[in-house]
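Heads up: the structure comes next, in structure tokens.
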Protein chains: 2
Amino acid sequence: MDLRSHIRSIRDFPTPGIVFRDITTLCKDPEALEAAVDALTEPFLDDRIDKVLAAEARGFIFGGAVACRLDAGFVPVRKPGKLPADALERTYELEYGTDTVTVHKDAIEMGERVLVLDDLLATGGTARACCELVEELGGLVAACAFLIELSFLPGREKLSDYKVISLIDYASEDE
Amino acid sequence: MDLRSHIRSIRDFPTPGIVFRDITTLCKDPEALEAAVDALTEPFLDDRIDKVLAAEARGFIFGGAVACRLDAGFVPVRKPGKLPADALERTYELEYGTDTVTVHKDAIEMGERVLVLDDLLATGGTARACCELVEELGGLVAACAFLIELSFLPGREKLSDYKVISLIDYASEDE
């Protein structure tokens with residue numbers, strides 16, 4: 001299955017100069033969706049993953065499905081103000097400004113093996129913050145897995161402490 | 001599997017007087033997550049569902065997993081400004097103010113059977129708007145399925161044109 005052919009590239013979204021990699025064209029195709037979930041699951045079938053953790057919103061699409069396949073629990077990472085119980089938060093730098101992600105303190109138990117999942121690895125800020133939240137809760141980051149990687153951005157460097165896999169790579173903005 | 005026992009009820013979130021039904025305690029439990037996805041899937045196994053459609057963000061957790069189980073595509077419904085291609089939008093009334101949901105115009109093809117999924121049926125505004133978007137695109141709403149229903153609110157009335165199932169019912173705010 002050529003997953004890349006199911007991604008739609010849209011120029012100048014959300015801002016001029018950016019090529020947005022649209023996963024909705026992959027998600028709406030049953031075979032492509034299944035193949036993507038399979039490929040995100042397969043490397044971890046023998047890895048005793050306890051929890052799959054993903055950031056809102058697109059990460060949830062694959063997170064729930066991969067968690068089910070791995071017989072793992074699913075942990076949502078959310079924007080501030082969305083989680084109702086006691087939560088940890090982590091603020092990280094963006095090109096302009098900062099962003100904050102939160103997770104329930106009871107989401108992960110000491111020593112649990114956690115797969116951090118997202119649709120896209122770009123600058124790596126969100127994924128790095130997710131990994132730090134996992135570790136602050138006493139969990140172990142088994143790996144980070146992404147549907148798409150933009151390898152012309154330094155995301156993988158920011159995750160150099162972790163095993164990283166991605167299914168589709170764009171080596172330049174224009175590709 | 002007693003799914004209800006895996007839901008955490010949190011008083012006065014997000015505002016005083018509201019009891020928030022927290023699904024994160026269900027999602028983090030592998031058996032409960034699997035059982036919920038199974039129960040949301042099972043009624044539709046023979047229903048030739050083409051697409052599962054869910055609104056961000058919590059709906060995505062179950063939407064992707066149920067779509068895979070049904071060999072269907074997944075269609076995300078999003079807040080305005082999030083979808084990169086040509087989109088339809090629908091604005092609906094809340095108790096105070098309005099909310100708007102959007103879907104890509106190419107997400108559903110004429111005559112496709114669509115399962116509208118969400119974690120929670122409350123007043124039904126979001127689900128009703130989702131159904132109207134499906135129909136405006138020429139799709140057929142095969143059913144609406146929810147993990148949780150708050151049956152003391154008029155959500156089911158607002159969906160009276162459709163088949164509706166829910167797995168867990170709260171008949172009062174205090175239950």
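Ordering of the structure tokens sets the chain letters (A, B, ...); residue numbers start at 1 within each chain; ligands are numbered from 1 in the order shown.
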
Once you count only C-alpha atoms, which residues of chain A turn out to be within 6 Å of chain B? Could you give them as a list in words? Cys27, Lys28, Asp29, Pro30, Glu34, Ala57, Phe60, Ile61, Gly64, Ala65, Cys68, Asp71, Ala72, Gly73, Phe74 and Val75 of chain A

How would the residues just picked look written out with all heavy atoms as a compact mmCIF listing (two decimals), in the first residue's frame?
```txt
# COMPACT_ATOMS: atom_id res chain seq x y z
N CYS A 27 -7.61 8.97 5.59
CA CYS A 27 -8.56 8.43 6.58
C CYS A 27 -9.87 7.98 5.95
O CYS A 27 -10.50 7.03 6.42
CB CYS A 27 -8.84 9.47 7.65
SG CYS A 27 -7.44 9.82 8.72
N LYS A 28 -10.30 8.67 4.90
CA LYS A 28 -11.61 8.33 4.32
C LYS A 28 -11.55 7.07 3.45
O LYS A 28 -12.60 6.54 3.07
CB LYS A 28 -12.19 9.51 3.55
CG LYS A 28 -11.57 9.78 2.20
CD LYS A 28 -12.33 10.87 1.46
CE LYS A 28 -11.68 11.16 0.12
NZ LYS A 28 -12.47 12.09 -0.70
N ASP A 29 -10.34 6.60 3.15
CA ASP A 29 -10.18 5.40 2.33
C ASP A 29 -10.00 4.18 3.25
O ASP A 29 -8.99 4.09 3.97
CB ASP A 29 -8.94 5.57 1.44
CG ASP A 29 -8.75 4.39 0.52
OD1 ASP A 29 -8.35 3.31 0.99
OD2 ASP A 29 -9.00 4.55 -0.69
N PRO A 30 -10.94 3.25 3.25
CA PRO A 30 -10.88 2.15 4.22
C PRO A 30 -9.57 1.36 4.17
O PRO A 30 -9.00 1.05 5.21
CB PRO A 30 -12.07 1.26 3.83
CG PRO A 30 -13.01 2.16 3.12
CD PRO A 30 -12.16 3.18 2.41
N GLU A 34 -6.76 1.34 7.21
CA GLU A 34 -6.38 0.04 7.79
C GLU A 34 -4.87 -0.19 7.66
O GLU A 34 -4.21 -0.62 8.61
CB GLU A 34 -7.15 -1.07 7.05
CG GLU A 34 -6.83 -2.48 7.48
CD GLU A 34 -7.75 -2.96 8.59
OE1 GLU A 34 -8.78 -2.31 8.83
OE2 GLU A 34 -7.42 -3.97 9.21
N ALA A 57 -5.86 16.98 18.06
CA ALA A 57 -7.03 16.15 17.87
C ALA A 57 -6.69 15.01 16.90
O ALA A 57 -7.17 13.90 17.06
CB ALA A 57 -8.18 16.97 17.28
N PHE A 60 -5.67 11.44 17.93
CA PHE A 60 -6.68 10.53 18.52
C PHE A 60 -7.21 9.54 17.48
O PHE A 60 -7.63 8.44 17.84
CB PHE A 60 -7.87 11.33 19.06
CG PHE A 60 -7.61 12.16 20.29
CD1 PHE A 60 -6.33 12.29 20.83
CD2 PHE A 60 -8.65 12.82 20.92
CE1 PHE A 60 -6.11 13.06 21.96
CE2 PHE A 60 -8.44 13.59 22.05
CZ PHE A 60 -7.17 13.71 22.58
N ILE A 61 -7.23 9.94 16.21
CA ILE A 61 -7.80 9.08 15.17
C ILE A 61 -7.04 7.75 15.12
O ILE A 61 -7.63 6.67 15.05
CB ILE A 61 -7.73 9.76 13.78
CG1 ILE A 61 -8.52 11.08 13.79
CG2 ILE A 61 -8.24 8.82 12.68
CD1 ILE A 61 -8.32 11.93 12.52
N GLY A 64 -6.57 5.68 19.23
CA GLY A 64 -7.55 4.72 19.73
C GLY A 64 -7.45 3.39 19.00
O GLY A 64 -7.50 2.32 19.61
N ALA A 65 -7.29 3.47 17.69
CA ALA A 65 -7.23 2.25 16.87
C ALA A 65 -5.98 1.43 17.18
O ALA A 65 -6.04 0.21 17.31
CB ALA A 65 -7.29 2.61 15.38
N CYS A 68 -6.20 -0.30 20.60
CA CYS A 68 -7.01 -1.53 20.55
C CYS A 68 -6.20 -2.68 19.96
O CYS A 68 -6.22 -3.79 20.49
CB CYS A 68 -8.26 -1.30 19.71
SG CYS A 68 -9.57 -0.45 20.59
N ASP A 71 -3.77 -4.15 22.41
CA ASP A 71 -4.34 -4.48 23.73
C ASP A 71 -3.78 -3.56 24.80
O ASP A 71 -3.47 -3.99 25.93
CB ASP A 71 -4.07 -5.95 24.10
CG ASP A 71 -4.81 -6.91 23.17
OD1 ASP A 71 -5.93 -6.57 22.76
OD2 ASP A 71 -4.24 -7.95 22.84
N ALA A 72 -3.64 -2.29 24.45
CA ALA A 72 -3.14 -1.28 25.39
C ALA A 72 -4.27 -0.32 25.73
O ALA A 72 -5.31 -0.29 25.07
CB ALA A 72 -2.00 -0.52 24.73
N GLY A 73 -4.06 0.48 26.78
CA GLY A 73 -4.99 1.56 27.06
C GLY A 73 -4.66 2.77 26.20
O GLY A 73 -3.57 2.84 25.61
N PHE A 74 -5.59 3.71 26.13
CA PHE A 74 -5.34 4.94 25.37
C PHE A 74 -5.37 6.14 26.32
O PHE A 74 -6.26 6.27 27.15
CB PHE A 74 -6.40 5.14 24.29
CG PHE A 74 -6.24 6.46 23.58
CD1 PHE A 74 -5.19 6.65 22.69
CD2 PHE A 74 -7.07 7.54 23.85
CE1 PHE A 74 -5.00 7.88 22.07
CE2 PHE A 74 -6.89 8.76 23.23
CZ PHE A 74 -5.85 8.94 22.34
N VAL A 75 -4.37 7.01 26.16
CA VAL A 75 -4.25 8.21 27.01
C VAL A 75 -4.29 9.45 26.13
O VAL A 75 -3.39 9.66 25.29
CB VAL A 75 -2.93 8.18 27.80
CG1 VAL A 75 -2.73 9.49 28.57
CG2 VAL A 75 -2.90 7.00 28.75
```

DSSP says strand (DSSP E) for which residues of segment 138-169 of chain B? Put them as a count of residues only? 17

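Every protein or nucleic acid residue with an atom no more than 12 Å from Ser160 of chain A, counting only C-alpha atoms and leaving out same-chain residues fewer than 3 positions away, appears here: Gly124, Ala127, Arg128, Cys131, Ala143, Cys144, Pro154, Gly155, Arg156, Glu157, Lys163, Val164 and Ile165 of chain A.
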
Please provide the set of residues having any atom within 8 Å of Ala36 of chain A, restricted to only C-alpha atoms, with same-chain residues fewer than 3 positions apart removed, written as an MDAnalysis selection string. chainID A and resid 3 32:33 39:40 147 167

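Between atom CA of Phe146 of chain A and atom CA of Asp86 of chain B the separation is 25.6 Å.
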
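Taking segment 94-132 of chain A and asking which residues DSSP calls helix (DSSP H, G or I) on the backbone, you get Gly125, Thr126, Ala127, Arg128, Ala129, Cys130, Cys131 and Glu132 of chain A.
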
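Nearest residue to Lys105 of chain A among A:Ala87, A:Pro16, A:Leu117, A:Arg4 is A:Ala87, counting only C-alpha atoms.
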
How many Å lie between atom CA of Val134 of chain B and atom CA of Glu149 of chain B, rounded to one decimal? 21.5 Å

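Here atom CA of Glu109 of chain B stands at a distance of 24.7 Å from atom CA of Lys158 of chain B.
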